[in-house]
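Structure record follows, encoded as structure tokens.
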Amino acid sequence: MKYSLVNNKKVEAFPKGRGICICCQGETVSKCGSKIINHWAHKNLKHCDNWWDNETEWHRQWKSYFPTDWQEIVHFDDKSGEKHIADVKTDSGFILEFQNSPIPLDELKLRESFYKKMIWIVNAKKFEKNFHILGKLPNPNDSNFQDLAFWPTKKDNKGRSFWKYSENPDWEKEIDDIVMYRSHNFSKIEKYVEKSYIGHHLFEWKKPRYVWFQSNTDVFLDFGDKYLWKLMKYGQNKVLSVKKINKDYFIERAKGKNKT
Ligand SMILES: [Zn+2]
């Protein structure tokens with residue numbers, strides 16, 4: 001953990017520090033050194049929060065974007081008595097969870113139902129090589145494109161194709177998709193898509209982590225640059241897509257401010 005209580009104050013680990021765990025009130029000792037991230041550990045090995053992910057620089061970086069008194073907040077369920085440490089809890093009660101390691105589906109569901117108002121930020125650096133963001137899509141609410149269903153394809157260099165709902169009135173009934181559809185050449189609409197674009201893209205994910213498609217809340221992928229990519233289902237055919245979001249803008253929004 002980044003913080004422990006020392007003289008009732010939430011402080012970061014310092015050499016030879018002794019503290020109290022913010023969650024279980026157990027004794028903690030500081031772990032500091034050049035080869036590790038300074039942190040607090042329980043003096044006696046105990047499992048205080050079984051959802052706790054080993055902290056990385058990536059976690060620390062994300063926490064540091066937010067005020068100290070929003071970081072590592074104990075969330076308590078009155079009925080069950082269950083307690084967990086949320087990575088960040090904003091002053092409007094929204095929880096941000098920074099997930100570095102793969103998470104099993106049952107744990108994802110448990111966390112979502114425990115925190116209720118939460119979003120995920122996923123360290124996508126780990127599967128960056130398997131994740132390819134394809135060409136742009138139009139604004140999903142743009143009335144000019146409502147008849148078009150987009151789909152990834154390997155034939156096009158930007159990985160996009162589309163078919164028309166009006167040409168395939170039974171599209172929802174068809175199980176054996178695409179084969180039936182007359183696919184159109186994307187180049188015909190390219191410049192209109194460019195004008196309508198507000199950040200949406202198709203993507204290709206080899207060895208996908210399916211768990212993230214089963215979240216009931218927002219999932220943002222962080223590839224370590226200045227953008228986040230929000231996982232989405234796009235259009236009537238609900239094709240998987242991502243939306244590009246400026247990271248600074250996202251952080252300011254999470255803090256309750258709009259960036260000027
Ligand atoms: Zn503890």
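We name chains A, B, ... following the order of the structure tokens; residues begin at 1 in each chain, and ligands are numbered from 1 as shown.
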Task: Shell of 7 Å around ligand 1 (only C-alpha atoms and all ligand atoms), written as number ranges by chain - done: A: 21-26, 42, 48-49
- [ ] Extract, using only C-alpha atoms, all DNA, RNA and protein residues at most 9 Å from Asn130 (chain A), discarding same-chain residues fewer than 5 positions from it, and format them as a PyMOL selection string.
- [x] chain A and resi 204-208
For N, CA and C atoms, I'd like the residues from the last selection saved as a PDB file, in the first residue's frame.
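That gives us again_13.pdb:
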ATOM      1  N   GLU A 204      -8.763  -4.899 -33.546  1.00  0.00           N
ATOM      2  CA  GLU A 204      -8.545  -6.336 -33.636  1.00  0.00           C
ATOM      3  C   GLU A 204      -7.727  -6.715 -32.413  1.00  0.00           C
ATOM      4  N   TRP A 205      -8.174  -7.714 -31.676  1.00  0.00           N
ATOM      5  CA  TRP A 205      -7.486  -8.109 -30.448  1.00  0.00           C
ATOM      6  C   TRP A 205      -7.220  -9.611 -30.523  1.00  0.00           C
ATOM      7  N   LYS A 206      -5.956  -9.948 -30.723  1.00  0.00           N
ATOM      8  CA  LYS A 206      -5.585 -11.366 -30.717  1.00  0.00           C
ATOM      9  C   LYS A 206      -5.485 -11.813 -29.271  1.00  0.00           C
ATOM     10  N   LYS A 207      -5.909 -13.000 -28.989  1.00  0.00           N
ATOM     11  CA  LYS A 207      -5.978 -13.508 -27.608  1.00  0.00           C
ATOM     12  C   LYS A 207      -6.660 -12.491 -26.675  1.00  0.00           C
ATOM     13  N   PRO A 208      -7.888 -12.112 -26.973  1.00  0.00           N
ATOM     14  CA  PRO A 208      -8.563 -11.081 -26.178  1.00  0.00           C
ATOM     15  C   PRO A 208      -8.804 -11.515 -24.743  1.00  0.00           C
TER      16      PRO A 208
END
TODO: Name the residues in contact with Tyr165 (chain A) at a cut-off of 9 Å, using only C-alpha atoms, excluding same-chain residues fewer than 6 positions from it; report them as a PyMOL selection string.
DONE: chain A and resi 146-149+171
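Nearest residue to Gly17 (chain A), choosing from A:His75, A:Lys195, A:Lys125, A:Lys43 and counting only C-alpha atoms: A:Lys43.
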Open item on the list: With only C-alpha atoms as the counted atoms, please give the residues lying no more than 12 Å from Lys226 (chain A), apart from itself and same-chain residues fewer than 5 positions off, as a PyMOL selection string.
Closed with: chain A and resi 221+244-251
For the residues in the current selection, export N, CA and C atoms as a tab-separated table (two decimals), in the first residue's frame.
chain	number	residue	atom	x	y	z
A	221	LEU	N	-8.82	1.44	-21.63
A	221	LEU	CA	-7.52	0.80	-21.82
A	221	LEU	C	-6.44	1.87	-21.87
A	244	LYS	N	-11.45	6.89	-28.52
A	244	LYS	CA	-10.23	7.57	-28.08
A	244	LYS	C	-10.57	8.77	-27.20
A	245	ILE	N	-9.93	8.82	-26.05
A	245	ILE	CA	-10.19	9.91	-25.10
A	245	ILE	C	-8.86	10.47	-24.63
A	246	ASN	N	-8.76	11.76	-24.62
A	246	ASN	CA	-7.55	12.40	-24.13
A	246	ASN	C	-7.41	12.14	-22.62
A	247	LYS	N	-6.26	11.64	-22.21
A	247	LYS	CA	-6.07	11.26	-20.81
A	247	LYS	C	-6.20	12.46	-19.86
A	248	ASP	N	-5.62	13.58	-20.25
A	248	ASP	CA	-5.72	14.77	-19.39
A	248	ASP	C	-7.18	15.19	-19.21
A	249	TYR	N	-7.92	15.13	-20.29
A	249	TYR	CA	-9.34	15.49	-20.24
A	249	TYR	C	-10.09	14.54	-19.30
A	250	PHE	N	-9.79	13.25	-19.43
A	250	PHE	CA	-10.41	12.23	-18.58
A	250	PHE	C	-10.13	12.51	-17.10
A	251	ILE	N	-8.88	12.82	-16.78
A	251	ILE	CA	-8.50	13.06	-15.39
A	251	ILE	C	-9.19	14.31	-14.83
TODO: May I have all residues of region 81-250 of chain A that DSSP, computed from the backbone, assigns to strand (DSSP E or B), given as a PyMOL selection string?
DONE: chain A and resi 83-89+95-99+118-123+131-136+148-152+160-164+184+200-205+219-222+227-234+239-246
TODO: Using only C-alpha atoms, determine which residues lie at most 9 Å from Lys136 (chain A), disregarding the query and same-chain residues fewer than 5 positions distant; provide the list as a VMD selection string.
DONE: chain A and resid 158 160 190 193 to 194 197 to 202
Open item on the list: Restricting the calculation to only C-alpha atoms: of A:Asp91, A:Pro140, A:Pro169, A:Thr68, which residue gets closest to Met232 (chain A)?
Closed with: A:Pro140
Task: helix (DSSP H, G or I) residues, from DSSP on the backbone, in region 115-212 of chain A, as a PyMOL selection string - done: chain A and resi 115+124-130+143-145+186-188+190-196+210-212
May I have the selected residues written with N, CA and C atoms, as a PDB file, in the first residue's frame?
ATOM      1  N   TYR A 115     -18.643  -2.095  -5.231  1.00  0.00           N
ATOM      2  CA  TYR A 115     -18.397  -0.645  -5.344  1.00  0.00           C
ATOM      3  C   TYR A 115     -19.557   0.114  -5.996  1.00  0.00           C
ATOM      4  N   ALA A 124      -2.997  -1.658 -20.427  1.00  0.00           N
ATOM      5  CA  ALA A 124      -3.080  -2.362 -21.700  1.00  0.00           C
ATOM      6  C   ALA A 124      -1.706  -2.552 -22.338  1.00  0.00           C
ATOM      7  N   LYS A 125      -0.701  -1.996 -21.682  1.00  0.00           N
ATOM      8  CA  LYS A 125       0.681  -2.145 -22.151  1.00  0.00           C
ATOM      9  C   LYS A 125       1.025  -3.634 -22.295  1.00  0.00           C
ATOM     10  N   LYS A 126       0.435  -4.434 -21.415  1.00  0.00           N
ATOM     11  CA  LYS A 126       0.746  -5.856 -21.371  1.00  0.00           C
ATOM     12  C   LYS A 126       0.270  -6.631 -22.591  1.00  0.00           C
ATOM     13  N   PHE A 127      -0.753  -6.141 -23.239  1.00  0.00           N
ATOM     14  CA  PHE A 127      -1.243  -6.849 -24.441  1.00  0.00           C
ATOM     15  C   PHE A 127      -1.216  -5.945 -25.671  1.00  0.00           C
ATOM     16  N   GLU A 128      -0.407  -4.930 -25.579  1.00  0.00           N
ATOM     17  CA  GLU A 128      -0.279  -3.944 -26.652  1.00  0.00           C
ATOM     18  C   GLU A 128       0.018  -4.590 -28.007  1.00  0.00           C
ATOM     19  N   LYS A 129       0.899  -5.590 -27.991  1.00  0.00           N
ATOM     20  CA  LYS A 129       1.312  -6.221 -29.260  1.00  0.00           C
ATOM     21  C   LYS A 129       0.160  -6.982 -29.919  1.00  0.00           C
ATOM     22  N   ASN A 130      -0.818  -7.382 -29.116  1.00  0.00           N
ATOM     23  CA  ASN A 130      -1.949  -8.140 -29.655  1.00  0.00           C
ATOM     24  C   ASN A 130      -3.151  -7.267 -29.992  1.00  0.00           C
ATOM     25  N   SER A 143     -26.841  10.984 -38.164  1.00  0.00           N
ATOM     26  CA  SER A 143     -28.000  10.479 -38.914  1.00  0.00           C
ATOM     27  C   SER A 143     -27.617  10.018 -40.329  1.00  0.00           C
ATOM     28  N   ASN A 144     -26.521  10.523 -40.856  1.00  0.00           N
ATOM     29  CA  ASN A 144     -26.094  10.129 -42.207  1.00  0.00           C
ATOM     30  C   ASN A 144     -25.609   8.682 -42.296  1.00  0.00           C
ATOM     31  N   PHE A 145     -25.331   8.079 -41.150  1.00  0.00           N
ATOM     32  CA  PHE A 145     -24.728   6.749 -41.179  1.00  0.00           C
ATOM     33  C   PHE A 145     -25.608   5.664 -40.544  1.00  0.00           C
ATOM     34  N   PHE A 186     -15.143   0.681 -48.418  1.00  0.00           N
ATOM     35  CA  PHE A 186     -15.110   1.795 -47.462  1.00  0.00           C
ATOM     36  C   PHE A 186     -14.651   3.111 -48.097  1.00  0.00           C
ATOM     37  N   SER A 187     -13.862   3.022 -49.137  1.00  0.00           N
ATOM     38  CA  SER A 187     -13.303   4.253 -49.716  1.00  0.00           C
ATOM     39  C   SER A 187     -14.385   5.219 -50.207  1.00  0.00           C
ATOM     40  N   LYS A 188     -15.576   4.665 -50.534  1.00  0.00           N
ATOM     41  CA  LYS A 188     -16.675   5.531 -50.980  1.00  0.00           C
ATOM     42  C   LYS A 188     -17.125   6.515 -49.900  1.00  0.00           C
ATOM     43  N   GLU A 190     -15.185   7.219 -47.046  1.00  0.00           N
ATOM     44  CA  GLU A 190     -14.036   7.620 -46.231  1.00  0.00           C
ATOM     45  C   GLU A 190     -14.048   9.091 -45.793  1.00  0.00           C
ATOM     46  N   LYS A 191     -14.234  10.004 -46.765  1.00  0.00           N
ATOM     47  CA  LYS A 191     -14.117  11.426 -46.413  1.00  0.00           C
ATOM     48  C   LYS A 191     -15.281  11.900 -45.524  1.00  0.00           C
ATOM     49  N   TYR A 192     -16.439  11.240 -45.663  1.00  0.00           N
ATOM     50  CA  TYR A 192     -17.581  11.617 -44.810  1.00  0.00           C
ATOM     51  C   TYR A 192     -17.367  11.106 -43.383  1.00  0.00           C
ATOM     52  N   VAL A 193     -16.762   9.928 -43.314  1.00  0.00           N
ATOM     53  CA  VAL A 193     -16.433   9.360 -41.992  1.00  0.00           C
ATOM     54  C   VAL A 193     -15.443  10.282 -41.285  1.00  0.00           C
ATOM     55  N   GLU A 194     -14.478  10.722 -42.026  1.00  0.00           N
ATOM     56  CA  GLU A 194     -13.456  11.636 -41.492  1.00  0.00           C
ATOM     57  C   GLU A 194     -14.105  12.872 -40.848  1.00  0.00           C
ATOM     58  N   LYS A 195     -15.122  13.414 -41.525  1.00  0.00           N
ATOM     59  CA  LYS A 195     -15.800  14.620 -41.014  1.00  0.00           C
ATOM     60  C   LYS A 195     -16.630  14.338 -39.770  1.00  0.00           C
ATOM     61  N   SER A 196     -17.200  13.152 -39.734  1.00  0.00           N
ATOM     62  CA  SER A 196     -18.130  12.813 -38.659  1.00  0.00           C
ATOM     63  C   SER A 196     -17.408  12.302 -37.410  1.00  0.00           C
ATOM     64  N   TYR A 210     -11.421 -11.661 -22.553  1.00  0.00           N
ATOM     65  CA  TYR A 210     -12.887 -11.573 -22.660  1.00  0.00           C
ATOM     66  C   TYR A 210     -13.539 -10.940 -21.443  1.00  0.00           C
ATOM     67  N   VAL A 211     -12.879 -11.060 -20.307  1.00  0.00           N
ATOM     68  CA  VAL A 211     -13.454 -10.531 -19.073  1.00  0.00           C
ATOM     69  C   VAL A 211     -13.866  -9.064 -19.227  1.00  0.00           C
ATOM     70  N   TRP A 212     -13.090  -8.305 -19.988  1.00  0.00           N
ATOM     71  CA  TRP A 212     -13.389  -6.869 -20.107  1.00  0.00           C
ATOM     72  C   TRP A 212     -14.622  -6.584 -20.948  1.00  0.00           C
TER      73      TRP A 212
END
Which residues, written as a PDB file with N, CA and C atoms, in the first residue's frame, have at least one atom at most 9 Å from Asn100 (chain A), with only C-alpha atoms counted and residues fewer than 2 positions away on the same chain left out?
ATOM      1  N   ASP A  53      -4.082  -5.693  -5.481  1.00  0.00           N
ATOM      2  CA  ASP A  53      -3.189  -6.032  -6.583  1.00  0.00           C
ATOM      3  C   ASP A  53      -1.802  -5.504  -6.196  1.00  0.00           C
ATOM      4  N   ASN A  54      -0.751  -6.277  -6.423  1.00  0.00           N
ATOM      5  CA  ASN A  54       0.583  -5.769  -6.123  1.00  0.00           C
ATOM      6  C   ASN A  54       0.816  -4.452  -6.850  1.00  0.00           C
ATOM      7  N   GLU A  55       1.235  -3.470  -6.109  1.00  0.00           N
ATOM      8  CA  GLU A  55       1.366  -2.147  -6.710  1.00  0.00           C
ATOM      9  C   GLU A  55       2.556  -2.047  -7.649  1.00  0.00           C
ATOM     10  N   THR A  56       2.333  -1.335  -8.735  1.00  0.00           N
ATOM     11  CA  THR A  56       3.397  -1.104  -9.714  1.00  0.00           C
ATOM     12  C   THR A  56       3.534   0.405  -9.890  1.00  0.00           C
ATOM     13  N   TRP A  58       2.921   1.886 -12.454  1.00  0.00           N
ATOM     14  CA  TRP A  58       1.719   2.277 -13.202  1.00  0.00           C
ATOM     15  C   TRP A  58       0.579   2.673 -12.261  1.00  0.00           C
ATOM     16  N   HIS A  59       0.363   1.859 -11.200  1.00  0.00           N
ATOM     17  CA  HIS A  59      -0.653   2.206 -10.194  1.00  0.00           C
ATOM     18  C   HIS A  59      -0.333   3.557  -9.552  1.00  0.00           C
ATOM     19  N   PHE A  98      -7.626   0.653 -10.780  1.00  0.00           N
ATOM     20  CA  PHE A  98      -6.541   0.518 -11.751  1.00  0.00           C
ATOM     21  C   PHE A  98      -6.106  -0.932 -11.754  1.00  0.00           C
ATOM     22  N   PRO A 102      -4.337  -9.684 -14.846  1.00  0.00           N
ATOM     23  CA  PRO A 102      -5.611 -10.232 -15.323  1.00  0.00           C
ATOM     24  C   PRO A 102      -6.548 -10.528 -14.150  1.00  0.00           C
ATOM     25  N   ILE A 103      -7.815 -10.325 -14.360  1.00  0.00           N
ATOM     26  CA  ILE A 103      -8.788 -10.514 -13.268  1.00  0.00           C
ATOM     27  C   ILE A 103      -9.800 -11.579 -13.686  1.00  0.00           C
ATOM     28  N   ILE A 121      -9.729   1.134 -15.110  1.00  0.00           N
ATOM     29  CA  ILE A 121      -8.662   1.560 -16.001  1.00  0.00           C
ATOM     30  C   ILE A 121      -7.676   0.400 -16.050  1.00  0.00           C
ATOM     31  N   VAL A 122      -7.454  -0.097 -17.254  1.00  0.00           N
ATOM     32  CA  VAL A 122      -6.698  -1.336 -17.419  1.00  0.00           C
ATOM     33  C   VAL A 122      -5.337  -1.031 -18.024  1.00  0.00           C
ATOM     34  N   ASN A 123      -4.300  -1.600 -17.432  1.00  0.00           N
ATOM     35  CA  ASN A 123      -2.971  -1.457 -18.012  1.00  0.00           C
ATOM     36  C   ASN A 123      -2.884  -2.314 -19.276  1.00  0.00           C
ATOM     37  N   ALA A 124      -2.997  -1.658 -20.427  1.00  0.00           N
ATOM     38  CA  ALA A 124      -3.080  -2.362 -21.700  1.00  0.00           C
ATOM     39  C   ALA A 124      -1.706  -2.552 -22.338  1.00  0.00           C
ATOM     40  N   LYS A 126       0.435  -4.434 -21.415  1.00  0.00           N
ATOM     41  CA  LYS A 126       0.746  -5.856 -21.371  1.00  0.00           C
ATOM     42  C   LYS A 126       0.270  -6.631 -22.591  1.00  0.00           C
TER      43      LYS A 126
END
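Among the candidate residues A:Ser101, A:Gln214, A:Ser30, A:Asn168, the one lying nearest to Leu240 (chain A) is A:Gln214, with distances computed using only C-alpha atoms.
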Open item on the list: Quick check, in Å to one decimal: how far apart do CA of Gly256 (chain A) and CA of Gly93 (chain A) lie?
Closed with: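 Between these atoms lies a distance of 11.4 Å.
Computed from the coordinates, the CA of Phe131 (chain A) to CA of Lys154 (chain A) distance equals 14.5 Å.
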TODO: Can you work out which one of A:Leu5, A:Lys255, A:Asn38, A:Lys230 has the shortest atom-to-atom distance to Trp70 (chain A), counting only C-alpha atoms?
DONE: A:Lys255
Task: Atom-to-atom span, CA of Ser64 (chain A) and CA of Ala254 (chain A), Å - done: 13.2 Å
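For the choices A:His132, A:Lys164, A:Lys16, A:Lys10, the atom-to-atom distance to Ser241 (chain A) is smallest for A:His132 when using only C-alpha atoms.
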